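Some notes on the structure that comes next.
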Amino acid sequence: MSTKKTAVVCFLVVAVVLLLLYTLVALRIIDEYTSQVLTVAGINVIIALGLNLISGFTGQLALGHAGFMAVGAYTTAALVMKLNVPIFPAMLGGALMAALFGFLIGLPTLRLRGDYLAIVTLGFGEIIRVVMINLPKLTGGPAGLKGIPTFTTNFFWRPVLSFAMVYFTLALVVVFLSNLLKSSHGKAIISIREDEIAANAMGINVFYYKIFAFTLSAFIGGLGGALYAPFFGYLSPNMFNFQKSVEFLIIVVLGGMGNLTGTVLAGIGLTYLQEILRFLKDYRLVIYPVILIIVMIFQPSGVMGLFGNREFSLTAIINKLIGKSPNREKSADKAGEV
C-alpha cells in the first residue's frame, strides 16, 4: 500500500472513530455528565499539547498558558457578544489574538537564555487575570461574563455539538503537531531542546524557531480557550489563575515531556481523577502537586517513559495489519529507482 493510500486509510479510521463517539453521545449511550467531562478533558489536552510544544519539544519552560487560554476565551466571547461575529470566525480570532500575545512576549524574552521565559509567562498569566477583573464593561469584572452564545441554542444538541467540536479540533491539532515534528521545522525545534549551542553552530536560526514554536504554542492555547467559552457560556477571571497553568504543566510532565500520546492520555486521566476526587472539596487540590512530586522523583520521563517514550502511530498499526514492512518498502523503492 502506498503512502497516500495509508494516509487515506488513517483519515477514514479517525473519521469513523469520531463519528462513532458522536453517535454514542447523540444517542445518550454516553450520558451527558460523561460527555461534559470528556469535553473538558479534550480542551485540557489541546492546551497541554500547545504547552508541550514549547516546554517538551523546544525545551523552554513556560508557566502561563492559562493566560493564553484566557485571551482566547475572552476574545471569542467579546467578538460574539459585542460585534456579533459568527462563533467559528470568533474562535479563530481568539486563537489569533493569543498567538499575537505569544509573539509579543516571545520577541524580547526568547533572545535570552535560562528561565526568563518561565518568569515572564508567569507574570503574563497574572497580569491577564488582573486586567480581566478590572475591565467590567468588556469582561464583566470579578463577577465574570455571562450569557455567552453556545454552539447551539438547542438544549438537547448543545453537549453533542460541543463534544464533536472539541474532539474534531483535538484530532486536527494532534495530526498537525505530529506532521510538524516530522518536518525540518520540527527537527530544528527538537535540536534546540537537545543542545542549543550545537544547533546554533550547525546554522539553525535558534531565535526564529523558538519564537515560531512559542507563537504556535500560544495559538493552540488560545484555541483551547476559544472552545472553552461557548462550551460553558460563562467566564470568570478565577478560571484562569496560576493553578490552572500548573494543571497543564502537570499533564505534560505526567504524560512525558516531548510526547504527544502521553499528553492525551494524561490529560483525559487527570481530568477524570479531578472529578472522582470532587468529594474531597479543596483537599483534592493537594493531589496534583503530590502526583507531580512522585513523578519527578520516580519517573521523570513520565508515563510514556515506561514504554520507551514511544508515540502511538495509526500508520504503523495499519502497516502491521496488512503485513507491510518499512524496510521492505524502502528496498522496493530503491530497486524501482535502479
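Residues in the C-alpha cells are named by chain (A, B, ... in the order shown) and by number from 1 within that chain; ligands are numbered from 1 in the order shown.
Taking only C-alpha atoms, the non-local environment of Ala41 of chain A within 8 Å (same-chain residues fewer than 4 positions away omitted) comprises A:Val37, A:Val45, A:Gly267, A:Ile268, A:Thr271, A:Tyr272.
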What's around Ile43 of chain A at 8 Å? Count only C-alpha atoms, leave out sequence neighbours fewer than 4 positions away in its own chain, and write the answer as JSON, numbers by chain. {"A": [39, 47, 166, 170, 224, 225, 227, 228]}
Take the residues from that selection and put them in a file with C-alpha atoms, as a short mmCIF file (atom, residue, chain, number, x, y, z; two decimals), in the first residue's frame.
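That gives us again.cif:
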```
data_model
loop_
_atom_site.label_atom_id
_atom_site.label_comp_id
_atom_site.auth_asym_id
_atom_site.auth_seq_id
_atom_site.Cartn_x
_atom_site.Cartn_y
_atom_site.Cartn_z
CA THR A 39 -15.29 17.62 26.57
CA ILE A 47 -3.96 23.38 25.67
CA VAL A 166 -13.69 19.75 20.76
CA LEU A 170 -8.19 17.86 19.06
CA GLY A 224 -8.48 25.77 23.68
CA GLY A 225 -9.80 28.91 25.38
CA LEU A 227 -13.58 26.29 22.67
CA TYR A 228 -13.97 26.81 26.42
#
```
Which neighbours of segment 200-214 of chain A fall inside 7 Å, counting only C-alpha atoms, when residues of the same chain fewer than 5 positions from it are skipped, and could you give them as a tab-separated table (two decimals) with C-alpha atoms, in the first residue's frame?
```tsv
chain	number	residue	atom	x	y	z
A	53	LEU	CA	5.33	22.04	22.01
A	54	ILE	CA	7.27	24.82	23.75
A	102	GLY	CA	2.64	34.99	22.39
A	103	PHE	CA	4.65	36.65	19.63
A	106	GLY	CA	8.49	35.91	22.95
A	107	LEU	CA	10.08	38.65	20.84
A	110	LEU	CA	13.35	34.34	23.79
A	111	ARG	CA	16.57	36.14	22.90
A	188	ALA	CA	15.14	22.08	14.21
A	189	ILE	CA	12.86	22.65	17.21
A	192	ILE	CA	17.25	23.30	20.20
```
Spatial neighbours of Pro289 of chain A, 12 Å, only C-alpha atoms, chain gap at least 4 places, as a ChimeraX atom specification: /A:243,246-247,249-251,253-254,283-285,293-296
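When only C-alpha atoms are used to measure the gap to Ser191 of chain A, the shortest distance among A:Leu145, A:Phe57, A:Val71, A:Ile322 belongs to A:Phe57.
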Compile a residue-level contact table for segment 153-234 of chain A against segment 82-97 of chain A at a cut-off of 12 Å, reporting for every qualifying residue the shortest atom pair and its distance in Å to one decimal, with only C-alpha atoms counted, rows ordered by chain and ascending number, as a Markdown table.
```
| residue | atom | partner | partner_atom | distance |
| --- | --- | --- | --- | --- |
| A:Met165 | CA | A:Phe88 | CA | 10.3 |
| A:Val166 | CA | A:Met91 | CA | 12.0 |
| A:Thr169 | CA | A:Met91 | CA | 11.5 |
| A:Thr215 | CA | A:Leu96 | CA | 9.5 |
| A:Leu216 | CA | A:Leu96 | CA | 9.5 |
| A:Ser217 | CA | A:Ala95 | CA | 10.2 |
| A:Ala218 | CA | A:Ala95 | CA | 7.8 |
| A:Phe219 | CA | A:Ala95 | CA | 5.0 |
| A:Ile220 | CA | A:Ala95 | CA | 6.8 |
| A:Gly221 | CA | A:Ala95 | CA | 7.4 |
| A:Gly222 | CA | A:Ala95 | CA | 4.2 |
| A:Leu223 | CA | A:Ala95 | CA | 4.6 |
| A:Gly224 | CA | A:Ala95 | CA | 8.0 |
| A:Gly225 | CA | A:Gly94 | CA | 7.8 |
| A:Ala226 | CA | A:Met91 | CA | 4.9 |
| A:Leu227 | CA | A:Met91 | CA | 7.0 |
| A:Tyr228 | CA | A:Met91 | CA | 9.8 |
| A:Ala229 | CA | A:Met91 | CA | 9.0 |
| A:Pro230 | CA | A:Ile87 | CA | 8.2 |
| A:Phe231 | CA | A:Ile87 | CA | 11.4 |
```
Residues from last step as file, C-alpha atoms, as an mmCIF file, in the first residue's frame:
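Contents of again_29.cif, as written:
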```
data_model
loop_
_atom_site.group_PDB
_atom_site.id
_atom_site.type_symbol
_atom_site.label_atom_id
_atom_site.label_comp_id
_atom_site.auth_asym_id
_atom_site.auth_seq_id
_atom_site.Cartn_x
_atom_site.Cartn_y
_atom_site.Cartn_z
ATOM 1 C CA MET A 165 -16.254 20.361 18.026
ATOM 2 C CA VAL A 166 -13.689 19.752 20.763
ATOM 3 C CA THR A 169 -10.273 20.166 16.869
ATOM 4 C CA THR A 215 3.696 31.653 18.947
ATOM 5 C CA LEU A 216 2.209 28.382 17.707
ATOM 6 C CA SER A 217 2.000 27.147 21.304
ATOM 7 C CA ALA A 218 0.112 30.326 22.288
ATOM 8 C CA PHE A 219 -2.209 29.887 19.276
ATOM 9 C CA ILE A 220 -3.116 26.347 20.379
ATOM 10 C CA GLY A 221 -3.619 27.562 23.961
ATOM 11 C CA GLY A 222 -5.905 30.341 22.682
ATOM 12 C CA LEU A 223 -7.774 27.798 20.547
ATOM 13 C CA GLY A 224 -8.480 25.767 23.683
ATOM 14 C CA GLY A 225 -9.798 28.910 25.380
ATOM 15 C CA ALA A 226 -11.912 29.710 22.316
ATOM 16 C CA LEU A 227 -13.583 26.289 22.668
ATOM 17 C CA TYR A 228 -13.970 26.811 26.418
ATOM 18 C CA ALA A 229 -16.093 29.985 26.144
ATOM 19 C CA PRO A 230 -19.024 28.659 24.062
ATOM 20 C CA PHE A 231 -18.948 25.313 25.886
#
```
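Of the listed residues (A:Gly269, A:Pro108, A:Gly233, A:Gly144), A:Gly233 comes nearest to Arg158 of chain A; the distances count only C-alpha atoms.
Proximity of A:Ser236, A:Phe101, A:Ser178, A:Leu49 to Asn134 of chain A, computed with only C-alpha atoms, is greatest for A:Ser236.
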Write down as a PyMOL selection string the residues of segment 45-264 of chain A whose backbone DSSP state falls under helix (DSSP H, G or I). chain A and resi 45-57+65-82+87-109+116-133+136-139+141-143+158-182+184-194+196-201+206-232+237-240+242-255+260-264
Hey, what does DSSP flag as strand (DSSP E or B) within segment 98-262 of chain A? Can you give it to me as a list in words? Leu145, Lys146, Tyr234 and Leu235 of chain A
Spatial neighbours of Leu63 of chain A, 9 Å, only C-alpha atoms, chain gap at least 4 places, as a list of chain:residue names: A:Leu51, A:Leu117, A:Ala118, A:Ile119, A:Val120, A:Thr121, A:Leu122, A:Gly123, A:Gly125, A:Phe242, A:Ser245, A:Val246, A:Phe248, A:Leu249
Restricting it to C-alpha atoms, dump the selection as a PDB file, in the first residue's frame.
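Wrote it out as part.pdb, contents follow:
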```
ATOM      1  CA  LEU A  51       2.395  23.749  26.192  1.00  0.00           C
ATOM      2  CA  LEU A 117      10.549  32.742  29.735  1.00  0.00           C
ATOM      3  CA  ALA A 118       9.099  30.971  32.784  1.00  0.00           C
ATOM      4  CA  ILE A 119       9.246  34.186  34.820  1.00  0.00           C
ATOM      5  CA  VAL A 120       7.724  36.333  32.071  1.00  0.00           C
ATOM      6  CA  THR A 121       4.912  33.893  31.254  1.00  0.00           C
ATOM      7  CA  LEU A 122       4.136  33.518  34.951  1.00  0.00           C
ATOM      8  CA  GLY A 123       3.803  37.292  35.216  1.00  0.00           C
ATOM      9  CA  GLY A 125      -0.773  34.952  33.319  1.00  0.00           C
ATOM     10  CA  PHE A 242      -1.871  30.204  38.200  1.00  0.00           C
ATOM     11  CA  SER A 245      -1.363  26.814  34.368  1.00  0.00           C
ATOM     12  CA  VAL A 246       0.126  24.322  36.823  1.00  0.00           C
ATOM     13  CA  PHE A 248      -1.471  21.963  32.231  1.00  0.00           C
ATOM     14  CA  LEU A 249       2.185  21.622  33.221  1.00  0.00           C
TER      15      LEU A 249
END
```
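When atom CA of Leu112 of chain A is paired with atom CA of Gln299 of chain A, their separation reads 29.9 Å.
Across the model, the gap from atom CA of Pro159 of chain A to atom CA of Gly141 of chain A is 27.2 Å.
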